[in-house]
Amino acid sequence: MAATTRAYLDFNRTLRFHGMPDEQRLEMRNRASKCIKEAILNLLNRDKLCQTDFDSWHHRTCDSIIECYRSNGIRFTYGHAQKWINMTFKYLYMLEAVTLDFVFPFLHVPIDNIVLERANKQLCIPRPSQVWSSWGDYAFYLRYQGYLRQRIGKEDPLRWEFHNWLDEIEKGKPS
């Protein structure tokens with residue numbers, strides 16, 4: 001799945017491997033990527049889904065990815081895991097690689113500095129003091145997603161992110 005590879009590139013600069021050989025890093029990434037792919041396929045094969053089911057699935061999938069890295073002594077947080085999973089869904093949707101209509105309303109916003117800034121300015125959600133890539137508490141992450149969902153209103157959260165992420169980038173460019 002090219003989407004997991006592209007999504008990995010969106011956050012991997014925040015990881016610290018402390019001199020780990022490239023082949024070991026690649027092996028960990030491939031294992032975690034396979035875990036994401038299998039989890040997504042299992043999710044898409046469900047007959048029905050609600051927000052609570054999706055959130056539980058998301059938490060379990062984050063835990064699996066985190067374990068792939070932590071078992072090798074690498075600090076890998078819920079901030080990293082959410083970014084990988086949520087960006088994978090975003091790329092799958094953009095590439096129309098699989099049909100996501102059934103899960104789209106439940107998908108989470110990929111949290112990064114741009115989203116945090118936009119949510120603060122547009123939705124009046126206070127920016128957390130801790131950088132997103134250090135978020136180590138899933139309950140904190142899920143509360144933030146809840147604030148987004150509540151303030152966004154009827155629009156699907158990922159659709160809000162599509163419009164606002166790019167808009168925030170454009171505003172930051174010099175004229």
# chains A, B, ... in the order shown; residues from 1 in each chain; ligands from 1

$ residues_around --residues "Asn164 in chain A" --least-positions-apart "6" --cutoff "12 Å" --atoms "only C-alpha atoms" --output "number ranges by chain"
A: 109-110, 114-123, 152, 157-158, 170-171

$ residues_around --residues "Leu100 in chain A" --least-positions-apart "4" --cutoff "9 Å" --atoms "only C-alpha atoms" --output "short mmCIF file (atom, residue, chain, number, x, y, z; two decimals) with N, CA and C atoms, in the first residue's frame"
data_model
loop_
_atom_site.label_atom_id
_atom_site.label_comp_id
_atom_site.auth_asym_id
_atom_site.auth_seq_id
_atom_site.Cartn_x
_atom_site.Cartn_y
_atom_site.Cartn_z
N LEU A 44 -12.32 -2.40 7.07
CA LEU A 44 -13.16 -2.22 5.89
C LEU A 44 -14.04 -3.43 5.60
N PHE A 89 -5.13 6.95 5.81
CA PHE A 89 -6.53 7.08 5.37
C PHE A 89 -6.69 8.26 4.42
N LEU A 92 -5.32 7.21 1.06
CA LEU A 92 -6.21 6.22 0.44
C LEU A 92 -7.43 6.90 -0.17
N TYR A 93 -7.96 7.87 0.55
CA TYR A 93 -9.13 8.61 0.06
C TYR A 93 -8.76 9.43 -1.17
N GLU A 96 -8.19 7.36 -4.14
CA GLU A 96 -9.35 6.52 -4.44
C GLU A 96 -8.93 5.07 -4.58
N PHE A 104 -15.65 6.94 6.35
CA PHE A 104 -15.22 8.34 6.25
C PHE A 104 -15.73 9.24 7.37
#

$ atom_distance --atom1 "CA of Gln145 in chain A" --atom2 "CA of Arg31 in chain A"
26.8 Å

$ residues_around --residues "Ile40 in chain A" --least-positions-apart "3" --cutoff "12 Å" --atoms "only C-alpha atoms" --output "list of chain:residue names"
A:Met1, A:Ala3, A:Thr4, A:Ser33, A:Lys34, A:Cys35, A:Ile36, A:Lys37, A:Leu43, A:Leu44, A:Asn45, A:Arg46, A:Phe54, A:Trp57, A:His58, A:Arg60, A:Thr61, A:Cys62, A:Ile85, A:Asn86, A:Thr88, A:Phe89, A:Leu92, A:Val98, A:Thr99, A:Leu100, A:Val103, A:Leu107

$ closest_residue --among "A:Val131, A:Ala97, A:Ile65, A:Ala39" --to "Asn113 in chain A" --atoms "only C-alpha atoms"
A:Val131

$ closest_residue --among "A:His163, A:His108, A:Lys83, A:Arg70" --to "Ser133 in chain A" --atoms "only C-alpha atoms"
A:Lys83

$ atom_distance --atom1 "CA of Asn72 in chain A" --atom2 "CA of Ala2 in chain A"
24.4 Å

$ select_by_dssp --residues "chain A" --states "alpha helix (DSSP H)" --output "ChimeraX atom specification"
/A:2-9,22-44,51-70,78-95,113-123,138-152,157-172
